[in-house]
Structures are given as structure tokens and as C-alpha cells.
$ cat coords14.csv   # CSV, C-alpha atoms
chain,number,residue,atom,x,y,z
A,21,MET,CA,-6.5,18.6,-16.2
A,22,ARG,CA,-6.0,15.0,-16.8
A,23,ARG,CA,-8.3,12.3,-15.5
A,24,VAL,CA,-6.8,9.8,-13.1
A,25,VAL,CA,-7.8,6.1,-12.8
A,26,ILE,CA,-6.8,3.1,-10.7
A,27,THR,CA,-5.6,0.1,-12.8
A,28,GLY,CA,-4.0,-2.1,-10.1
A,29,ALA,CA,-4.4,-2.9,-6.4
A,30,GLY,CA,-2.5,-5.0,-3.9
A,31,THR,CA,-2.7,-5.6,-0.2
A,32,ILE,CA,-1.6,-7.7,2.8
A,33,ASN,CA,-3.5,-7.3,6.1
A,34,ALA,CA,-5.0,-9.4,8.8
A,35,LEU,CA,-7.9,-10.4,6.5
A,36,GLY,CA,-5.7,-11.8,3.7
A,37,HIS,CA,-2.5,-11.7,1.8
A,38,ASP,CA,-4.1,-10.3,-1.3
A,39,VAL,CA,-7.0,-8.3,-2.6
A,40,PRO,CA,-9.4,-11.2,-3.4
A,41,ALA,CA,-9.0,-12.6,0.1
A,42,THR,CA,-9.6,-9.2,1.7
A,43,LEU,CA,-12.7,-8.5,-0.4
A,44,ALA,CA,-14.1,-11.9,0.5
A,45,ALA,CA,-13.6,-11.0,4.2
A,46,PHE,CA,-15.4,-7.7,3.6
A,47,ARG,CA,-18.3,-9.4,2.0
A,48,GLU,CA,-18.5,-12.0,4.8
A,49,GLY,CA,-18.1,-9.4,7.6
A,50,ARG,CA,-15.2,-11.5,8.9
A,51,CYS,CA,-13.1,-10.1,11.8
A,52,GLY,CA,-9.3,-10.3,11.6
A,53,ILE,CA,-8.8,-9.2,15.2
A,54,SER,CA,-7.3,-11.8,17.5
A,55,GLN,CA,-4.8,-12.5,20.3
A,56,LEU,CA,-1.4,-10.8,19.6
A,57,ASP,CA,1.6,-13.1,19.2
A,58,PHE,CA,5.1,-11.6,19.7
A,59,ARG,CA,7.8,-11.2,22.2
A,60,ASP,CA,6.8,-9.9,25.7
A,61,VAL,CA,3.1,-9.6,24.8
A,62,ASP,CA,2.3,-10.8,28.3
A,63,ARG,CA,3.7,-7.5,29.6
A,64,LEU,CA,1.0,-5.5,27.7
A,65,SER,CA,-2.4,-4.6,29.0
A,66,ILE,CA,-3.6,-4.6,25.4
A,67,GLN,CA,-3.2,-8.0,23.9
A,68,ILE,CA,-5.5,-8.0,20.9
A,69,GLY,CA,-4.8,-6.7,17.4
A,70,ALA,CA,-5.4,-7.3,13.7
A,71,GLN,CA,-2.0,-9.0,13.2
A,72,VAL,CA,-0.8,-10.8,10.1
A,73,HIS,CA,-0.2,-14.0,12.0
A,74,ASP,CA,0.9,-16.3,9.2
A,75,TRP,CA,3.5,-13.9,7.8
A,76,ARG,CA,6.7,-15.6,6.6
A,77,ALA,CA,9.1,-13.1,5.1
A,78,GLU,CA,11.3,-15.9,3.7
A,79,ASP,CA,8.4,-16.9,1.4
A,80,TYR,CA,8.8,-13.6,-0.5
A,81,PHE,CA,12.3,-12.3,0.1
A,82,ASN,CA,15.8,-13.7,0.2
A,83,ARG,CA,18.1,-13.5,3.3
A,84,GLN,CA,19.9,-10.4,2.1
A,85,GLN,CA,16.6,-8.6,1.5
A,86,ILE,CA,15.2,-9.5,4.9
A,87,LEU,CA,18.3,-8.0,6.5
A,88,LEU,CA,17.5,-4.7,4.7
A,89,TYR,CA,13.7,-4.6,4.8
A,90,ASP,CA,11.8,-3.8,7.9
A,91,LYS,CA,8.4,-5.5,8.1
A,92,PHE,CA,6.6,-2.3,6.9
A,93,THR,CA,8.8,-2.3,3.8
A,94,GLN,CA,8.1,-6.0,3.2
A,95,PHE,CA,4.4,-5.4,3.3
A,96,ALA,CA,4.7,-2.5,0.9
A,97,LEU,CA,6.7,-4.4,-1.6
A,98,LEU,CA,4.4,-7.3,-1.6
A,99,ALA,CA,1.3,-5.1,-2.1
A,100,ALA,CA,3.1,-3.1,-4.8
A,101,LYS,CA,4.1,-6.3,-6.8
A,102,GLN,CA,0.4,-7.4,-6.7
A,103,ALA,CA,-0.8,-4.0,-7.9
A,104,VAL,CA,1.7,-3.7,-10.8
A,105,ALA,CA,1.0,-7.3,-11.8
A,106,GLN,CA,-2.7,-6.5,-12.1
A,107,SER,CA,-2.1,-3.3,-14.0
A,108,GLY,CA,0.0,-5.0,-16.6
A,109,LEU,CA,2.4,-2.1,-16.8
A,110,ASP,CA,6.1,-2.4,-17.7
A,111,PHE,CA,8.2,0.5,-16.5
A,112,GLN,CA,11.1,-0.1,-18.8
A,113,GLY,CA,12.2,2.8,-20.9
A,114,ALA,CA,10.4,6.1,-21.0
A,115,LEU,CA,7.5,5.2,-18.8
A,116,GLY,CA,9.8,4.7,-15.8
A,117,LEU,CA,11.0,8.3,-16.2
A,118,ARG,CA,7.4,9.5,-16.0
A,119,SER,CA,6.4,7.3,-13.1
A,120,GLY,CA,6.9,7.5,-9.3
A,121,VAL,CA,5.8,6.4,-5.9
A,122,VAL,CA,4.4,8.1,-2.8
A,123,LEU,CA,3.5,6.1,0.2
A,124,GLY,CA,2.2,6.9,3.7
A,125,THR,CA,3.4,5.6,7.0
A,126,ALA,CA,3.3,6.8,10.6
A,127,GLY,CA,5.8,4.5,12.3
A,128,GLY,CA,8.1,3.5,9.5
A,129,GLY,CA,10.5,0.8,10.6
A,130,LEU,CA,9.2,0.5,14.2
A,131,ASN,CA,10.0,-3.2,14.4
A,132,THR,CA,13.6,-2.3,13.7
A,133,TRP,CA,13.6,0.4,16.4
A,134,ASP,CA,12.1,-2.0,18.8
A,135,GLU,CA,14.6,-4.8,18.1
A,136,ASN,CA,17.6,-2.6,18.3
A,137,TYR,CA,16.6,-0.8,21.5
A,138,ARG,CA,16.5,-4.3,23.0
A,139,THR,CA,20.0,-5.0,21.6
A,140,VAL,CA,21.5,-1.8,23.1
A,141,TYR,CA,19.5,-1.2,26.3
A,142,GLU,CA,18.4,-4.7,27.4
A,143,GLU,CA,21.2,-6.9,26.1
A,144,GLY,CA,23.9,-4.3,26.7
A,145,LYS,CA,25.5,-4.6,23.3
A,146,ASN,CA,27.4,-1.6,21.9
A,147,ARG,CA,27.0,-2.3,18.2
A,148,VAL,CA,24.1,-2.6,15.9
A,149,HIS,CA,23.8,-3.8,12.3
A,150,PRO,CA,25.0,-1.3,9.7
A,151,PHE,CA,21.7,-1.5,7.9
A,152,VAL,CA,19.7,-0.2,10.9
A,153,VAL,CA,19.3,3.3,9.6
A,154,PRO,CA,18.3,2.4,6.0
A,155,LYS,CA,16.0,-0.2,7.4
A,156,LEU,CA,14.1,2.0,9.9
A,157,MET,CA,13.8,5.3,7.9
A,158,ASN,CA,10.3,6.2,7.0
A,159,ASN,CA,11.1,6.5,3.3
A,160,ALA,CA,12.6,3.0,3.1
A,161,ALA,CA,9.4,1.4,1.7
A,162,ALA,CA,9.0,4.1,-1.0
A,163,SER,CA,12.6,3.9,-2.0
A,164,HIS,CA,12.6,0.1,-2.3
A,165,VAL,CA,9.4,0.2,-4.3
A,166,SER,CA,11.0,2.8,-6.7
A,167,MET,CA,14.0,0.6,-7.1
A,168,GLU,CA,12.0,-2.6,-7.6
A,169,PHE,CA,10.2,-1.2,-10.6
A,170,GLY,CA,12.7,1.4,-11.9
A,171,LEU,CA,10.4,4.4,-11.1
A,172,ARG,CA,12.5,7.5,-11.7
A,173,GLY,CA,9.9,10.2,-11.2
A,174,PRO,CA,8.7,11.6,-7.9
A,175,ALA,CA,9.4,9.3,-5.0
A,176,PHE,CA,8.7,10.2,-1.3
A,177,THR,CA,6.9,9.3,1.9
A,178,VAL,CA,4.1,11.1,3.7
A,179,ALA,CA,3.8,10.9,7.5
A,180,THR,CA,0.6,12.4,8.8
A,181,ALA,CA,-0.3,9.7,11.4
A,182,CYS,CA,-3.6,8.0,10.6
A,183,ALA,CA,-4.2,10.1,7.4
A,184,SER,CA,-0.8,9.2,5.9
A,185,SER,CA,-2.2,6.9,3.1
A,186,ASN,CA,-5.0,9.3,2.1
A,187,HIS,CA,-2.5,12.2,1.9
A,188,ALA,CA,-0.1,10.1,-0.1
A,189,MET,CA,-2.9,8.9,-2.5
A,190,GLY,CA,-4.3,12.4,-2.8
A,191,LEU,CA,-0.9,13.9,-3.7
A,192,ALA,CA,-0.3,11.1,-6.3
A,193,PHE,CA,-3.7,11.9,-7.8
A,194,GLN,CA,-2.8,15.6,-8.0
A,195,MET,CA,0.6,14.9,-9.6
A,196,ILE,CA,-1.0,12.9,-12.4
A,197,ARG,CA,-3.9,15.2,-12.9
A,198,SER,CA,-1.5,18.2,-13.3
A,199,GLY,CA,0.8,16.4,-15.7
A,200,GLY,CA,3.7,15.9,-13.2
A,201,ALA,CA,3.6,12.2,-13.7
A,202,GLN,CA,2.0,9.6,-15.9
A,203,VAL,CA,1.8,6.7,-13.4
A,204,MET,CA,2.2,6.7,-9.6
A,205,LEU,CA,2.3,3.7,-7.2
A,206,THR,CA,0.7,5.0,-4.0
A,207,GLY,CA,-0.9,3.9,-0.8
A,208,GLY,CA,0.6,3.1,2.6
A,209,SER,CA,2.1,0.5,4.9
A,210,GLU,CA,2.4,0.0,8.7
A,211,ALA,CA,3.8,-2.6,11.0
A,212,MET,CA,3.5,-1.2,14.6
A,213,LEU,CA,2.4,-4.4,16.2
A,214,CYS,CA,5.4,-5.1,18.4
A,215,PHE,CA,6.0,-4.6,22.1
A,216,GLY,CA,7.2,-1.0,21.8
A,217,GLY,CA,4.6,0.0,19.3
A,218,VAL,CA,1.6,-1.3,21.4
A,219,LYS,CA,3.1,-0.1,24.7
A,220,ALA,CA,3.3,3.4,23.4
A,221,TRP,CA,-0.3,3.4,22.3
A,222,GLU,CA,-1.4,2.0,25.6
A,223,GLY,CA,-0.4,5.3,27.2
A,224,LEU,CA,-3.0,7.2,25.2
A,225,ARG,CA,-5.8,5.1,26.8
A,226,VAL,CA,-7.8,4.9,23.5
A,227,MET,CA,-7.3,1.2,23.0
A,228,SER,CA,-10.0,-1.5,23.5
A,229,LYS,CA,-9.1,-4.7,25.3
A,230,ASP,CA,-11.8,-6.8,23.7
A,231,ALA,CA,-13.1,-5.5,20.3
A,232,CYS,CA,-13.5,-2.6,17.9
A,233,ARG,CA,-17.2,-1.5,17.7
A,234,PRO,CA,-17.3,1.7,15.6
A,235,PHE,CA,-20.5,3.8,16.0
A,236,SER,CA,-21.9,1.4,18.6
A,237,ALA,CA,-23.0,3.1,21.9
A,238,ASN,CA,-20.9,0.6,23.9
A,239,ARG,CA,-17.7,1.2,21.9
A,240,ASN,CA,-14.6,1.4,24.1
A,241,GLY,CA,-11.7,2.2,21.9
A,242,MET,CA,-9.7,1.3,18.8
A,243,VAL,CA,-7.8,-1.8,17.9
A,244,GLN,CA,-4.5,-1.6,16.0
A,245,GLY,CA,-3.8,-3.5,12.8
A,246,GLU,CA,-0.9,-3.9,10.4
A,247,GLY,CA,-0.4,-4.3,6.7
A,248,ALA,CA,-0.3,-2.4,3.5
A,249,GLY,CA,-2.3,-1.3,0.5
A,250,VAL,CA,-0.8,-0.1,-2.8
A,251,PHE,CA,-2.5,1.1,-6.0
A,252,VAL,CA,-1.5,2.0,-9.5
A,253,PHE,CA,-2.8,5.4,-10.3
A,254,GLU,CA,-2.6,6.2,-14.0
A,255,ASP,CA,-3.5,8.8,-16.5
A,256,TYR,CA,-6.8,7.8,-18.0
A,257,GLU,CA,-5.9,8.3,-21.6
A,258,ASN,CA,-2.9,6.1,-21.2
A,259,ALA,CA,-4.9,3.4,-19.5
A,260,ARG,CA,-7.6,3.5,-22.1
A,261,ALA,CA,-5.1,3.4,-25.0
A,262,ARG,CA,-3.6,0.2,-23.7
A,263,GLY,CA,-6.9,-1.4,-22.9
A,264,ALA,CA,-6.4,-1.6,-19.1
A,265,ASP,CA,-9.0,-2.8,-16.7
A,266,ILE,CA,-10.0,0.3,-14.9
A,267,LEU,CA,-11.0,-0.3,-11.3
A,268,ALA,CA,-12.3,3.2,-10.5
A,269,GLU,CA,-11.7,6.8,-11.3
A,270,VAL,CA,-10.2,9.2,-8.7
A,271,VAL,CA,-12.1,12.4,-9.0
A,272,GLY,CA,-11.4,14.5,-6.0
A,273,PHE,CA,-9.2,15.2,-3.0
A,274,ALA,CA,-9.1,17.7,-0.2
A,275,MET,CA,-7.2,18.1,3.0
A,276,SER,CA,-7.6,20.4,6.0
A,277,SER,CA,-6.0,21.1,9.4
A,278,ASP,CA,-8.1,21.5,12.6
A,279,ALA,CA,-5.3,23.7,14.0
A,280,GLN,CA,-7.0,23.0,17.4
A,281,ASP,CA,-5.8,20.0,19.4
A,282,ILE,CA,-3.1,17.4,19.0
A,283,VAL,CA,-5.5,14.5,19.8
A,284,MET,CA,-9.1,15.7,20.0
A,285,PRO,CA,-10.8,15.8,16.5
A,286,SER,CA,-12.8,18.7,15.2
A,287,ALA,CA,-16.1,18.3,13.3
A,288,GLN,CA,-15.5,21.6,11.5
A,289,GLY,CA,-12.1,20.5,10.2
A,290,ALA,CA,-13.4,17.1,9.1
A,291,GLU,CA,-16.4,18.8,7.4
A,292,ARG,CA,-14.1,21.2,5.4
A,293,ALA,CA,-12.1,18.2,4.1
A,294,ILE,CA,-15.4,16.4,3.1
A,295,THR,CA,-16.9,19.4,1.3
A,296,GLY,CA,-13.6,20.2,-0.3
A,297,ALA,CA,-13.3,16.8,-1.8
A,298,LEU,CA,-16.9,17.1,-3.2
A,299,GLN,CA,-16.1,20.4,-4.7
A,300,ASP,CA,-12.8,19.2,-6.2
A,301,ALA,CA,-14.6,16.2,-7.7
A,302,GLY,CA,-17.5,18.3,-9.0
A,303,LEU,CA,-19.9,16.2,-7.1
A,304,ASN,CA,-23.1,17.2,-5.4
A,305,PRO,CA,-23.9,15.6,-2.0
A,306,GLU,CA,-26.7,13.6,-3.6
A,307,ASP,CA,-24.2,11.9,-6.0
A,308,VAL,CA,-22.4,10.1,-3.2
A,309,GLY,CA,-23.9,6.7,-2.1
A,310,TYR,CA,-21.2,5.4,0.3
A,311,ILE,CA,-18.6,6.7,2.7
A,312,ASN,CA,-15.8,4.6,4.1
A,313,ALA,CA,-15.6,6.2,7.5
A,314,HIS,CA,-12.5,6.8,9.6
A,315,GLY,CA,-14.6,5.2,12.3
A,316,THR,CA,-12.0,4.2,14.9
A,317,GLY,CA,-14.3,3.0,17.6
A,318,THR,CA,-13.3,5.7,20.1
A,319,ALA,CA,-16.0,7.8,21.7
A,320,ALA,CA,-14.7,11.1,20.4
A,321,ASN,CA,-13.9,10.2,16.8
A,322,ASP,CA,-17.1,8.4,15.9
A,323,LYS,CA,-19.5,11.1,17.1
A,324,THR,CA,-17.3,13.9,15.7
A,325,GLU,CA,-17.2,12.2,12.3
A,326,CYS,CA,-21.0,11.6,12.2
A,327,ALA,CA,-21.6,15.3,13.1
A,328,ALA,CA,-19.2,16.3,10.2
A,329,VAL,CA,-20.9,14.1,7.7
A,330,ALA,CA,-24.4,15.1,8.8
A,331,HIS,CA,-23.6,18.8,8.4
A,332,ALA,CA,-21.7,18.4,5.1
A,333,PHE,CA,-24.4,16.3,3.5
A,334,GLY,CA,-27.5,18.0,5.0
A,335,HIS,CA,-30.7,16.1,4.2
A,336,HIS,CA,-28.8,13.6,2.1
A,337,ALA,CA,-27.0,12.3,5.2
A,338,ASP,CA,-30.0,10.1,6.0
A,339,ARG,CA,-29.7,8.4,2.6
A,340,LEU,CA,-26.0,7.7,2.8
A,341,MET,CA,-24.4,4.4,3.7
A,342,MET,CA,-21.3,4.8,5.9
A,343,SER,CA,-19.3,2.0,7.3
A,344,SER,CA,-16.0,1.5,9.1
A,345,THR,CA,-14.0,-1.6,8.1
A,346,LYS,CA,-11.6,-1.0,11.0
A,347,ALA,CA,-13.7,-3.5,13.0
A,348,MET,CA,-12.4,-6.1,10.6
A,349,HIS,CA,-8.8,-5.2,9.7
A,350,GLY,CA,-8.0,-3.0,12.7
A,351,HIS,CA,-6.6,0.5,12.6
A,352,VAL,CA,-3.6,0.2,10.3
A,353,ILE,CA,-2.5,3.7,11.3
A,354,GLY,CA,-0.5,5.2,8.4
A,355,GLY,CA,-1.6,2.4,6.1
A,356,THR,CA,-5.3,2.3,7.0
A,357,GLY,CA,-6.6,4.6,4.3
A,358,ALA,CA,-5.0,2.4,1.6
A,359,VAL,CA,-6.6,-0.8,3.0
A,360,GLU,CA,-9.9,1.0,3.3
A,361,LEU,CA,-9.8,2.2,-0.3
A,362,LEU,CA,-10.3,-1.4,-1.3
A,363,ALA,CA,-13.8,-1.3,0.3
A,364,CYS,CA,-14.6,1.8,-1.8
A,365,ILE,CA,-13.5,0.1,-5.0
A,366,MET,CA,-15.6,-3.0,-4.1
A,367,ALA,CA,-18.6,-0.8,-3.6
A,368,LEU,CA,-18.2,0.8,-7.0
A,369,ARG,CA,-17.3,-2.3,-9.0
A,370,GLU,CA,-19.4,-5.0,-7.2
A,371,GLY,CA,-22.2,-3.1,-5.6
A,372,VAL,CA,-21.3,-4.6,-2.3
A,373,ILE,CA,-21.1,-2.3,0.8
A,374,ALA,CA,-18.7,-3.6,3.5
A,375,PRO,CA,-20.4,-3.6,6.9
A,376,THR,CA,-19.5,-2.1,10.3
A,377,ILE,CA,-19.2,-5.3,12.3
A,378,GLY,CA,-19.4,-5.4,16.1
A,379,TYR,CA,-22.3,-3.0,16.1
A,380,GLN,CA,-24.5,-3.7,19.2
A,381,GLU,CA,-26.2,-0.6,20.5
A,382,ALA,CA,-27.6,2.5,18.7
A,383,ASP,CA,-26.0,5.8,19.6
A,384,PRO,CA,-28.1,8.9,19.1
A,385,GLU,CA,-24.9,10.8,18.4
A,386,CYS,CA,-24.1,8.4,15.5
A,387,ALA,CA,-27.6,8.3,14.0
A,388,LEU,CA,-26.5,7.5,10.4
A,389,ASP,CA,-26.8,4.3,8.3
A,390,VAL,CA,-23.6,2.6,9.4
A,391,VAL,CA,-24.5,-0.7,7.5
A,392,PRO,CA,-24.4,-2.7,10.8
A,393,ASN,CA,-22.9,-6.2,10.9
A,394,GLU,CA,-23.9,-7.5,7.4
A,395,ALA,CA,-22.7,-6.4,3.9
A,396,ARG,CA,-25.3,-4.9,1.7
A,397,GLN,CA,-26.0,-5.0,-2.1
A,398,ALA,CA,-26.4,-1.5,-3.5
A,399,ARG,CA,-25.5,0.3,-6.6
A,400,VAL,CA,-23.4,3.4,-6.0
A,401,ASP,CA,-21.8,5.7,-8.5
A,402,ALA,CA,-19.5,7.8,-6.2
A,403,VAL,CA,-17.9,7.2,-2.9
A,404,LEU,CA,-15.7,9.0,-0.3
A,405,SER,CA,-13.0,7.7,1.9
A,406,ASN,CA,-12.3,9.7,5.1
A,407,ALA,CA,-9.1,9.9,7.2
A,408,PHE,CA,-8.8,12.1,10.2
A,409,ALA,CA,-5.6,12.0,12.1
A,410,PHE,CA,-4.0,12.9,15.4
A,411,GLY,CA,-2.6,16.4,15.0
A,412,GLY,CA,-5.9,17.5,13.4
A,413,LEU,CA,-4.9,16.5,9.9
A,414,ASN,CA,-7.8,15.5,7.6
A,415,ALA,CA,-7.7,14.0,4.1
A,416,VAL,CA,-10.7,12.8,2.0
A,417,ILE,CA,-10.6,11.1,-1.4
A,418,ALA,CA,-13.5,10.8,-3.8
A,419,LEU,CA,-13.9,8.0,-6.3
A,420,ARG,CA,-16.3,7.4,-9.1
A,421,ARG,CA,-17.4,4.3,-11.0
A,422,VAL,CA,-16.2,4.0,-14.6

$ encode --input "coords14.csv" --output "C-alpha cells"
Amino acid sequence: MRRVVITGAGTINALGHDVPATLAAFREGRCGISQLDFRDVDRLSIQIGAQVHDWRAEDYFNRQQILLYDKFTQFALLAAKQAVAQSGLDFQGALGLRSGVVLGTAGGGLNTWDENYRTVYEEGKNRVHPFVVPKLMNNAAASHVSMEFGLRGPAFTVATACASSNHAMGLAFQMIRSGGAQVMLTGGSEAMLCFGGVKAWEGLRVMSKDACRPFSANRNGMVQGEGAGVFVFEDYENARARGADILAEVVGFAMSSDAQDIVMPSAQGAERAITGALQDAGLNPEDVGYINAHGTGTAANDKTECAAVAHAFGHHADRLMMSSTKAMHGHVIGGTGAVELLACIMALREGVIAPTIGYQEADPECALDVVPNEARQARVDAVLSNAFAFGGLNAVIALRRV
């Protein structure tokens, strides 16, 4: 089995348009949640989110590209370009044939759906632009990334709600480890912050009107975000041979299904994914120093996740650091695991643990070290990144310092 390493990373989210800006926000415990700004926001009962307010597509793409790229595709392409630039890879020739892309998304081209529903139903028009279907399809981002870099190996999209990115990255890891690919661009992208996207989520009654407070006793719901995170996963021997700067090693992945409820999480299902990732990585519970939690800020998720971690890690759970960065960048839904993986890499490379900001009151059902409000200096050698999605779909990735 081949070893798999990360040699490039890129992102855009409410905290910054690139990785350095995002990591600086993590270190500072800065919040990217603010008042939403888009058409008809005054008709929403939820009017906050982690929006990329200063996004100007024309700064990155030409007019023809903008006509073809939904916002979630734009985000994915920008993040992918950053990741490839950092990796130093050139996919010309044989490498392009052995490289691919797998990305996660839940909503796909939701902005395109929203705009064109308005065109047909509100404005009464009978025709839409001929690019609507290729713009809104969930595989659009993965397809355009493959075309941008000439990646002729495996290319597809994973849609598993809030676990989409972790499933995508886990599958990319498995493909390289098994020899099915040499390099994979992987991660996820989401752009659901539009009138229709937020209105749909309002119906679930899981959204906060004021702030995201994971693990705090007074938490009152999640806050949506938008953005993308894309990484270069590469065969270790190839990376070492070309002298690449290795950000971290991917050492384990596991997924499970609760097979129980479409929205309520199961501690048993989450625990099986956690223990499966440890086993796949060959790690003992004591080897793990930090977990980037799913930590949505909802009453059900946070206590269920803490119970799963406590049971999976036993006595070591009291020595673990576990934080949710969603209080800073929001819940990026299908792209959230990719943005959160940046905090895991920061913990391994810089020894900085991103905090859980907004924490105000201790909850006895979340009695773990959630690194409240301020970043912490600590050396860790192995970390986990949790993702637990609606539908009972769980995906956990394990990384190790190189």
C-alpha cells in the first residue's frame, strides 16, 4: 500500500481568499460570520452567515467563464489553482493520465437554480440560458478542475450532505494508496448562501439567528457559510523524489452509516467511523492529540459527537483537544470538511490549535477540552477530522505529521 501525502492546499471562505489569510484567522480566533447581503435577504428570518462578502468573480474569470461557472465552481477553481501552484506539479504528459479529481458538494449550482427559478416563476419568462444545466450540475466543479489542469484519471463528485468533502478526500486517499492514481485534487466547494438556499434551511429550524456557539450550553443552532477547500494528494515516493514540501501525511479513513434517522445523529455511528479511521491508520487512541470536530452548534450534534469521542477514546478523551472552527467560517455544508482540514494541517505543522470561539457556558454533556475562545500552542503528531451528515453518513480522516 502506498503512502499518501498532501503537497498543496488552497481555499476561499469568509475568513480569507487563500490559506495564509485563513490560518491567520484561525490563530486569532476571528469570526467570519456577519450580516448576509444578497437579493431579498429581508424576507428571511435568518439573516446572518459566513459569506464571502468581497467576492468579485471578474477578478478571476473572464465573461465567458462566468456565464459557465456557478459560484461553487468558481470557488473550487480558485482553491484548486492555489493548491496546484503550491504543489509545484505540472500535469503535462504522463502525469495527467495518472491524476484525477474528486470533490464534494451538497448543493452544487444552487445559485444557478435560484436565479433561474426567479426567471421562470417570478419574472414569467419562458426561456433560460443554454448553459443552465452544465452550470448547475453537481459535477460541474470537478469537471472544470479536470479540464483546467488536464487531469485524465478518475474524476467525479461526491454528495453526502455535510460529509461530502471528507468522503471525497477519503476516496482520493484510497485511490492513491491502492495505486489507482498518482495524484488527486480533492476537497469540496459550496455556495448555498442565496435566498432559496437559506430559506430551505430555515424550514429545518436548526439555524441560529445570532451566533454559532459549538459545545456551549447556550448554543442555539448552526450558521451557514460558503467557500471551498482543495488539496493536492500525492503518492509519497513521487513527492519525496521531486523534493516537494509535504504538508502532512494522510494515514487513515473510515466511513459509516447510522441507518437510523434522516436528521438525528447517532453516537454509535459516529464512534464506528472514528474507531475505523484509527484502525485504518494504525493509530492508538493515545497517539491522537487533536480532533477537528463536526461541532455544528446544534443541541443534538454537539452532545452526540462528544459522547462518540468519549466512548471511542476512553480515558484518553480527557487529554484530547477538540475544537470546532465552524464558529469562525460557518458550516460550509458539502465543503466544510475541506476548509476544516486546514486547521488539522496547521495543528501538525505549526503546533497551533484553532479555538472554538463563541464558547460561553460549560455543558456537562460536552465535557471535553474544546479549546475555548483562544488558540493554543501544542505539539501534536496525529489528528482526526470528523464529519457527520444528515442521512446518518459519517466520514473521518486521520492525518499525521511528517

$ residues_around --input "coords14.csv" --residues "Thr125 of chain A" --least-positions-apart "4" --cutoff "8 Å" --atoms "only C-alpha atoms" --output "list in words"
Asn158, Thr177, Val178, Ala179, Thr180, Ala181, Ser184, Ser185, Gly208, Ser209, Glu210, Ile353, Gly354 and Gly355 of chain A

$ residues_near_point --input "coords14.csv" --point "(-23.7, -6.2, 16.6)" --cutoff "9 Å" --atoms "all atoms listed in the file" --output "list in words"
Arg233, Ser236, Thr376, Ile377, Gly378, Tyr379, Gln380, Glu381, Pro392 and Asn393 of chain A

$ atom_distance --input "coords14.csv" --atom1 "atom CA of Phe92 of chain A" --atom2 "atom CA of Met167 of chain A"
16.1 Å

$ closest_residue --input "coords14.csv" --among "A:Leu303, A:Leu340, A:Val270, A:Ala330" --to "Arg22 of chain A" --atoms "all atoms listed in the file"
A:Val270

$ closest_residue --input "coords14.csv" --among "A:Ser65, A:Thr132, A:Asn186, A:Gln71" --to "Ile86 of chain A" --atoms "only C-alpha atoms"
A:Thr132

$ residues_near_point --input "coords14.csv" --point "(-19.9, 5.9, -2.8)" --cutoff "8 Å" --atoms "only C-alpha atoms" --output "list in words"
Val308, Gly309, Tyr310, Ile311, Cys364, Ala367, Leu368, Val400, Asp401, Ala402, Val403, Leu404, Leu419 and Arg420 of chain A

$ atom_distance --input "coords14.csv" --atom1 "atom CA of Val148 of chain A" --atom2 "atom CA of Trp75 of chain A"
24.9 Å

$ residues_around --input "coords14.csv" --residues "Ser228 of chain A" --least-positions-apart "4" --cutoff "6 Å" --atoms "all atoms listed in the file" --output "count of residues only"
3

$ closest_residue --input "coords14.csv" --among "A:Ile68, A:Ala96, A:Val391, A:Leu156" --to "Tyr80 of chain A" --atoms "all atoms listed in the file"
A:Ala96

$ closest_residue --input "coords14.csv" --among "A:His314, A:Asn414, A:Asp90, A:Ala274" --to "Trp133 of chain A" --atoms "all atoms listed in the file"
A:Asp90

$ residues_around --input "coords14.csv" --residues "Leu213 of chain A" --least-positions-apart "6" --cutoff "9 Å" --atoms "only C-alpha atoms" --output "compact mmCIF listing (two decimals) with C-alpha atoms, keeping the file's coordinate frame"
# COMPACT_ATOMS: atom_id res chain seq x y z
CA LEU A 56 -1.40 -10.80 19.60
CA PHE A 58 5.10 -11.60 19.70
CA GLY A 69 -4.80 -6.70 17.40
CA ALA A 70 -5.40 -7.30 13.70
CA GLN A 71 -2.00 -9.00 13.20
CA LEU A 130 9.20 0.50 14.20
CA ASN A 131 10.00 -3.20 14.40
CA GLN A 244 -4.50 -1.60 16.00
CA GLY A 245 -3.80 -3.50 12.80
CA GLU A 246 -0.90 -3.90 10.40

$ atom_distance --input "coords14.csv" --atom1 "atom CA of Gly249 of chain A" --atom2 "atom CA of Lys91 of chain A"
13.8 Å

$ closest_residue --input "coords14.csv" --among "A:Cys232, A:Ile196, A:Ala268, A:Ala248" --to "Ala319 of chain A" --atoms "only C-alpha atoms"
A:Cys232
